[in-house]
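A.B. asks: Just structure-v7.csv, nothing more (CSV, C-alpha atoms):
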```csv
chain,number,residue,atom,x,y,z
H,1,MET,CA,46.0,-56.0,122.1
H,2,THR,CA,47.6,-55.0,118.8
H,3,ARG,CA,47.9,-57.8,116.2
H,4,ARG,CA,51.2,-58.0,114.3
H,5,THR,CA,52.3,-60.3,111.5
H,6,LEU,CA,55.9,-61.3,111.2
H,7,ALA,CA,57.3,-62.9,108.0
H,8,VAL,CA,60.4,-65.0,108.1
H,9,VAL,CA,62.2,-65.9,104.9
H,10,SER,CA,64.9,-68.6,105.0
H,11,ALA,CA,67.0,-69.4,101.9
H,12,GLY,CA,68.8,-72.5,103.3
H,13,LEU,CA,69.1,-75.3,100.8
H,14,SER,CA,69.9,-78.3,103.0
H,15,GLN,CA,67.8,-80.2,105.6
H,16,PRO,CA,68.6,-79.7,108.5
H,17,SER,CA,69.7,-76.2,107.7
H,18,SER,CA,71.7,-73.8,109.9
H,19,THR,CA,70.1,-71.0,108.0
H,20,ARG,CA,66.6,-72.1,109.0
H,21,LEU,CA,67.9,-72.6,112.6
H,22,LEU,CA,69.1,-69.0,112.7
H,23,ALA,CA,65.8,-67.8,111.2
H,24,ASP,CA,63.8,-69.7,113.7
H,25,GLN,CA,65.8,-68.3,116.6
H,26,LEU,CA,65.5,-64.7,115.3
H,27,ALA,CA,61.8,-65.2,114.8
H,28,ALA,CA,61.3,-66.6,118.3
H,29,ALA,CA,63.2,-63.7,119.9
H,30,THR,CA,61.3,-61.1,118.0
H,31,ARG,CA,57.9,-62.8,118.7
H,32,ASP,CA,58.7,-63.0,122.4
H,33,GLU,CA,59.7,-59.3,122.5
H,34,LEU,CA,56.6,-58.2,120.7
H,35,VAL,CA,54.4,-60.3,123.0
H,36,ARG,CA,56.3,-58.9,126.0
H,37,ARG,CA,55.3,-55.4,124.9
H,38,GLY,CA,51.6,-56.3,124.5
H,39,SER,CA,51.2,-57.5,120.9
H,40,ASP,CA,49.5,-60.6,119.5
H,41,VAL,CA,51.9,-62.1,116.9
H,42,GLU,CA,51.1,-64.1,113.8
H,43,LEU,CA,54.2,-65.8,112.6
H,44,HIS,CA,54.7,-67.0,109.0
H,45,VAL,CA,57.9,-68.9,108.1
H,46,VAL,CA,58.8,-69.3,104.4
H,47,ASP,CA,61.3,-72.0,103.4
H,48,LEU,CA,62.3,-70.8,100.0
H,49,ARG,CA,63.7,-74.2,99.0
H,50,GLU,CA,60.1,-75.4,98.8
H,51,TYR,CA,59.3,-72.7,96.2
H,52,ALA,CA,62.5,-72.8,94.1
H,53,HIS,CA,60.8,-74.1,90.9
H,54,ASP,CA,57.9,-71.5,91.3
H,55,VAL,CA,60.4,-68.7,91.7
H,56,VAL,CA,62.2,-69.7,88.5
H,57,ASN,CA,58.9,-70.1,86.6
H,58,ASN,CA,57.9,-66.6,87.8
H,59,MET,CA,61.2,-65.2,86.5
H,60,LEU,CA,60.7,-66.9,83.1
H,61,THR,CA,57.0,-66.1,82.6
H,62,GLY,CA,56.4,-63.0,84.7
H,63,PHE,CA,53.5,-64.8,86.5
H,64,ALA,CA,53.6,-66.2,90.0
H,65,PRO,CA,52.0,-69.7,90.5
H,66,ALA,CA,49.3,-69.7,93.1
H,67,ALA,CA,51.5,-71.1,95.9
H,68,LEU,CA,54.2,-68.5,95.3
H,69,ARG,CA,51.6,-65.7,95.0
H,70,GLU,CA,50.4,-66.6,98.5
H,71,VAL,CA,54.0,-66.4,99.8
H,72,VAL,CA,54.6,-63.1,98.2
H,73,ASP,CA,51.4,-61.7,99.7
H,74,THR,CA,52.4,-63.0,103.1
H,75,VAL,CA,55.9,-61.4,102.9
H,76,THR,CA,54.8,-58.0,101.4
H,77,GLY,CA,51.8,-57.8,103.8
H,78,ALA,CA,53.6,-58.4,107.1
H,79,ASP,CA,54.5,-55.8,109.7
H,80,GLY,CA,58.1,-56.9,109.8
H,81,LEU,CA,60.4,-59.2,107.9
H,82,ILE,CA,63.3,-61.4,108.9
H,83,ALA,CA,65.4,-62.5,106.0
H,84,VAL,CA,68.2,-65.1,106.3
H,85,THR,CA,70.5,-66.4,103.7
H,86,PRO,CA,73.5,-68.7,103.5
H,87,ILE,CA,76.6,-67.0,102.2
H,88,PHE,CA,77.9,-68.5,98.9
H,89,SER,CA,80.9,-66.9,97.2
H,90,ALA,CA,80.9,-63.9,99.5
H,91,SER,CA,77.3,-63.0,98.8
H,92,TYR,CA,73.7,-64.1,99.3
H,93,ASN,CA,72.7,-67.3,97.4
H,94,GLY,CA,70.8,-67.3,94.1
H,95,LEU,CA,67.5,-68.5,95.5
H,96,PHE,CA,67.4,-65.6,98.1
H,97,LYS,CA,68.2,-63.0,95.4
H,98,SER,CA,65.8,-64.5,92.9
H,99,PHE,CA,62.9,-64.4,95.4
H,100,PHE,CA,63.3,-60.8,96.1
H,101,ASP,CA,63.8,-60.1,92.4
H,102,VAL,CA,60.2,-61.3,91.7
H,103,LEU,CA,58.7,-58.9,94.3
H,104,ASP,CA,57.3,-55.6,93.1
H,105,SER,CA,60.0,-53.0,93.6
H,106,GLU,CA,57.7,-50.9,95.8
H,107,SER,CA,56.3,-53.7,97.9
H,108,LEU,CA,58.9,-53.4,100.8
H,109,VAL,CA,59.2,-49.7,101.0
H,110,ASP,CA,59.5,-48.6,104.7
H,111,ARG,CA,59.2,-52.2,105.8
H,112,PRO,CA,61.2,-53.1,109.0
H,113,VAL,CA,63.7,-55.8,108.1
H,114,LEU,CA,66.1,-57.8,110.2
H,115,ILE,CA,68.9,-59.5,108.1
H,116,GLY,CA,70.8,-62.6,109.0
H,117,ALA,CA,73.2,-65.0,107.4
H,118,THR,CA,75.1,-68.2,107.9
H,119,GLY,CA,78.5,-69.4,106.6
H,120,GLY,CA,81.3,-71.8,107.0
H,121,THR,CA,83.6,-69.2,108.5
H,122,ALA,CA,83.2,-65.9,110.4
H,123,ARG,CA,85.2,-64.3,107.6
H,124,HIS,CA,82.0,-64.3,105.5
H,125,SER,CA,80.2,-62.1,108.0
H,126,LEU,CA,80.8,-58.8,106.1
H,127,ALA,CA,78.7,-60.1,103.3
H,128,LEU,CA,75.7,-58.9,105.3
H,129,GLU,CA,77.0,-55.4,105.0
H,130,HIS,CA,78.3,-55.3,101.4
H,131,ALA,CA,75.6,-57.5,99.8
H,132,VAL,CA,72.5,-58.1,101.8
H,133,ARG,CA,72.0,-54.7,103.4
H,134,PRO,CA,72.5,-52.8,100.1
H,135,MET,CA,69.8,-55.0,98.4
H,136,PHE,CA,67.2,-54.0,101.0
H,137,ALA,CA,68.4,-50.4,100.9
H,138,TYR,CA,67.6,-50.4,97.1
H,139,LEU,CA,64.1,-51.7,98.0
H,140,ARG,CA,63.9,-48.8,100.5
H,141,SER,CA,63.2,-51.0,103.4
H,142,VAL,CA,64.3,-50.0,106.9
H,143,VAL,CA,67.0,-52.5,107.9
H,144,VAL,CA,67.8,-52.6,111.6
H,145,PRO,CA,71.3,-51.7,112.7
H,146,THR,CA,72.2,-55.2,114.0
H,147,ALA,CA,72.8,-57.8,111.4
H,148,VAL,CA,73.2,-61.4,112.7
H,149,PHE,CA,75.8,-63.8,111.3
H,150,ALA,CA,76.3,-67.3,112.6
H,151,ALA,CA,79.3,-69.5,111.9
H,152,PRO,CA,79.6,-73.2,112.9
H,153,GLU,CA,81.4,-72.3,116.1
H,154,ASP,CA,78.5,-70.1,117.2
H,155,TRP,CA,76.3,-73.2,117.8
H,156,SER,CA,76.4,-75.7,120.5
H,157,ASP,CA,74.1,-78.7,120.0
H,158,GLY,CA,71.7,-76.6,117.9
H,159,THR,CA,71.6,-73.8,120.5
H,160,ALA,CA,73.1,-70.3,120.0
H,161,ASP,CA,76.1,-69.6,122.2
H,162,GLY,CA,76.3,-66.6,124.5
H,163,ALA,CA,77.6,-64.1,122.0
H,164,LEU,CA,75.2,-65.1,119.2
H,165,ARG,CA,72.3,-65.2,121.6
H,166,ALA,CA,73.1,-61.7,122.7
H,167,ARG,CA,73.2,-60.5,119.0
H,168,ILE,CA,69.9,-62.2,118.4
H,169,ARG,CA,68.2,-60.5,121.3
H,170,ARG,CA,69.6,-57.1,120.4
H,171,ALA,CA,68.5,-57.4,116.7
H,172,ALA,CA,65.0,-58.7,117.8
H,173,GLY,CA,64.6,-55.6,120.1
H,174,GLU,CA,65.6,-53.3,117.2
H,175,LEU,CA,63.1,-54.9,114.9
H,176,THR,CA,60.4,-54.7,117.5
H,177,ASP,CA,61.1,-51.0,118.0
H,178,GLN,CA,60.7,-50.4,114.2
H,179,ILE,CA,57.5,-52.4,114.0
H,180,GLU,CA,55.9,-50.6,117.0
H,181,ARG,CA,56.6,-47.2,115.4
H,182,ARG,CA,54.2,-48.1,112.5
H,183,PRO,CA,50.5,-48.8,112.4
H,184,PRO,CA,49.5,-52.5,112.0
H,185,ALA,CA,49.9,-53.7,108.4
H,186,THR,CA,46.7,-54.1,106.4
H,187,GLY,CA,48.1,-56.8,104.1
H,188,PRO,CA,49.7,-56.5,100.6
H,189,ALA,CA,48.8,-53.6,98.4
H,190,ASP,CA,45.9,-54.3,96.0
H,191,PRO,CA,47.5,-54.2,92.4
H,192,PHE,CA,44.1,-53.3,91.0
H,193,ALA,CA,43.3,-50.5,93.4
H,194,LEU,CA,42.9,-47.0,91.9
H,195,THR,CA,45.4,-44.5,93.1
H,196,THR,CA,43.8,-41.6,91.2
H,197,ASP,CA,40.3,-40.5,90.8
H,198,PHE,CA,38.5,-40.3,87.4
H,199,LEU,CA,39.1,-36.6,86.8
H,200,GLN,CA,42.9,-37.1,87.4
H,201,MET,CA,42.9,-39.9,84.9
H,202,LEU,CA,41.4,-37.5,82.4
H,203,GLY,CA,44.0,-34.9,83.2
H,204,ARG,CA,41.8,-32.7,85.3
H,205,GLY,CA,42.8,-32.4,88.9
H,206,ASP,CA,41.0,-29.2,89.7
H,207,GLY,CA,37.6,-30.8,90.2
H,208,ALA,CA,36.0,-28.6,87.4
H,209,PRO,CA,33.3,-30.3,85.3
H,210,VAL,CA,34.5,-32.2,82.2
H,211,SER,CA,32.9,-30.8,79.1
```
Using the file provided, produce a representation of the structure as structure tokens.
C.D. replies:
Amino acid sequence: MTRRTLAVVSAGLSQPSSTRLLADQLAAATRDELVRRGSDVELHVVDLREYAHDVVNNMLTGFAPAALREVVDTVTGADGLIAVTPIFSASYNGLFKSFFDVLDSESLVDRPVLIGATGGTARHSLALEHAVRPMFAYLRSVVVPTAVFAAPEDWSDGTADGALRARIRRAAGELTDQIERRPPATGPADPFALTTDFLQMLGRGDGAPVS
């Protein structure tokens, strides 16, 4: 059985949070689909509100506190990522953007990503396409075609209605497809790992003896 890790980032600020609710349902649908196809899934949910001060400190100092470093390693070392933000002023919120700003610009290259958002009205749904998707395109992630937006009318007693539930299942299937096309993740890249051998560091890539 193949072991897969799934990181879920929720940028909701309130408790309870509709953003976290959507993130949990996307995570559950993706986990269930991966399990159905024969994978063993390790799920890591990150509530960014718990790390807001650490994110700001990282931006000011350039160094991640230990708790935030662990979260960054979890997100950048996962097989797939689910990222959900509330929509403020027609875009992602500041906490969501700040977290991804502190990641290394190469850390999510070719990473399968499912994006989701919540808002007070369905009119905000296009923010996923004009704000959230381009951000991950800049990071060179592989964002699945179906983005999932949830407005208040999409919920009934904390449960997704039929249309939202169908979008969640479709997006989860697409993320699973992308994850399965790649070998299992081996964790975050080692920032101290050598990417060149000693001769290349000396400017000699032909293997000839150095005099």
A.B. asks: May I ask for the distance between atom CA of H:Arg167 and atom CA of H:Leu103, given in Å to one decimal place?
C.D. replies: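 We find that atom CA of H:Arg167 and atom CA of H:Leu103 lie 28.7 Å from each other.
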A.B. asks: Contacts of H:Pro65 at 12 Å or less, counting only C-alpha atoms, minus same-chain residues fewer than 3 places along, as a list in words?
C.D. replies: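 Once the adjacent positions are removed, what remains is Tyr51, Ala52, His53, Asp54, Val55, Val56, Asn57, Asn58, Met59, Leu60, Thr61, Gly62, Leu68, Arg69, Glu70, Val71, Val72 and Val102 of chain H.
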A.B. asks: Keeping only C-alpha atoms, write those residues as a short mmCIF file (atom, residue, chain, number, x, y, z; two decimals), in the frame of the given file.
C.D. replies:
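After the write, out-v8.cif holds the following:
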```cif
data_model
loop_
_atom_site.label_atom_id
_atom_site.label_comp_id
_atom_site.auth_asym_id
_atom_site.auth_seq_id
_atom_site.Cartn_x
_atom_site.Cartn_y
_atom_site.Cartn_z
CA TYR H 51 59.30 -72.70 96.20
CA ALA H 52 62.50 -72.80 94.10
CA HIS H 53 60.80 -74.10 90.90
CA ASP H 54 57.90 -71.50 91.30
CA VAL H 55 60.40 -68.70 91.70
CA VAL H 56 62.20 -69.70 88.50
CA ASN H 57 58.90 -70.10 86.60
CA ASN H 58 57.90 -66.60 87.80
CA MET H 59 61.20 -65.20 86.50
CA LEU H 60 60.70 -66.90 83.10
CA THR H 61 57.00 -66.10 82.60
CA GLY H 62 56.40 -63.00 84.70
CA LEU H 68 54.20 -68.50 95.30
CA ARG H 69 51.60 -65.70 95.00
CA GLU H 70 50.40 -66.60 98.50
CA VAL H 71 54.00 -66.40 99.80
CA VAL H 72 54.60 -63.10 98.20
CA VAL H 102 60.20 -61.30 91.70
#
```
A.B. asks: Return as a Markdown table the residues of stretch 68-102 of chain H lying at most 12 Å from stretch 16-31 of chain H, together with the closest atom-to-atom pair for each and the distance in Å to one decimal, counting only C-alpha atoms, with rows in chain order and ascending residue number.
C.D. replies:
```
| residue | atom | partner | partner_atom | distance |
| --- | --- | --- | --- | --- |
| H:Asp79 | CA | H:Arg31 | CA | 11.9 |
| H:Gly80 | CA | H:Thr30 | CA | 9.8 |
| H:Leu81 | CA | H:Ala27 | CA | 9.3 |
| H:Ile82 | CA | H:Ala27 | CA | 7.2 |
| H:Ala83 | CA | H:Ala23 | CA | 7.4 |
| H:Val84 | CA | H:Ala23 | CA | 6.1 |
| H:Thr85 | CA | H:Thr19 | CA | 6.3 |
| H:Pro86 | CA | H:Thr19 | CA | 6.1 |
| H:Ile87 | CA | H:Thr19 | CA | 9.6 |
| H:Tyr92 | CA | H:Thr19 | CA | 11.7 |
| H:Asn93 | CA | H:Thr19 | CA | 11.5 |
| H:Phe96 | CA | H:Thr19 | CA | 11.6 |
```
A.B. asks: What is the atom CA of H:Ser14 to atom CA of H:Arg133 distance in Å?
C.D. replies: 23.7 Å
A.B. asks: Considering all atoms listed in the file, state which residue in the set H:Gly120, H:Gly94, H:Pro112, H:Gly38 is at the smallest distance from H:Arg3.
C.D. replies: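 With all atoms listed in the file as the atom set, the closest residue is H:Gly38.
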A.B. asks: For atom CA of H:Thr176 and atom CA of H:Val109, determine how far apart the two atoms are, in Å to one decimal place.
C.D. replies: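 Between atom CA of H:Thr176 and atom CA of H:Val109 the gap is 17.3 Å.
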A.B. asks: Do a neighbour search on stretch 147-161 of chain H at 6 Å with all atoms listed in the file, toss out local chain neighbours closer than 3 positions, and write the hits as a ChimeraX atom specification.
C.D. replies: /H:115-122,125,164-165
A.B. asks: Using only C-alpha atoms for the distances, tell me which of H:Leu43, H:Leu108, H:Ala166, H:Leu13 is nearest to H:Tyr138.
C.D. replies: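 Of the candidates, the smallest distance to H:Tyr138 is held by H:Leu108.
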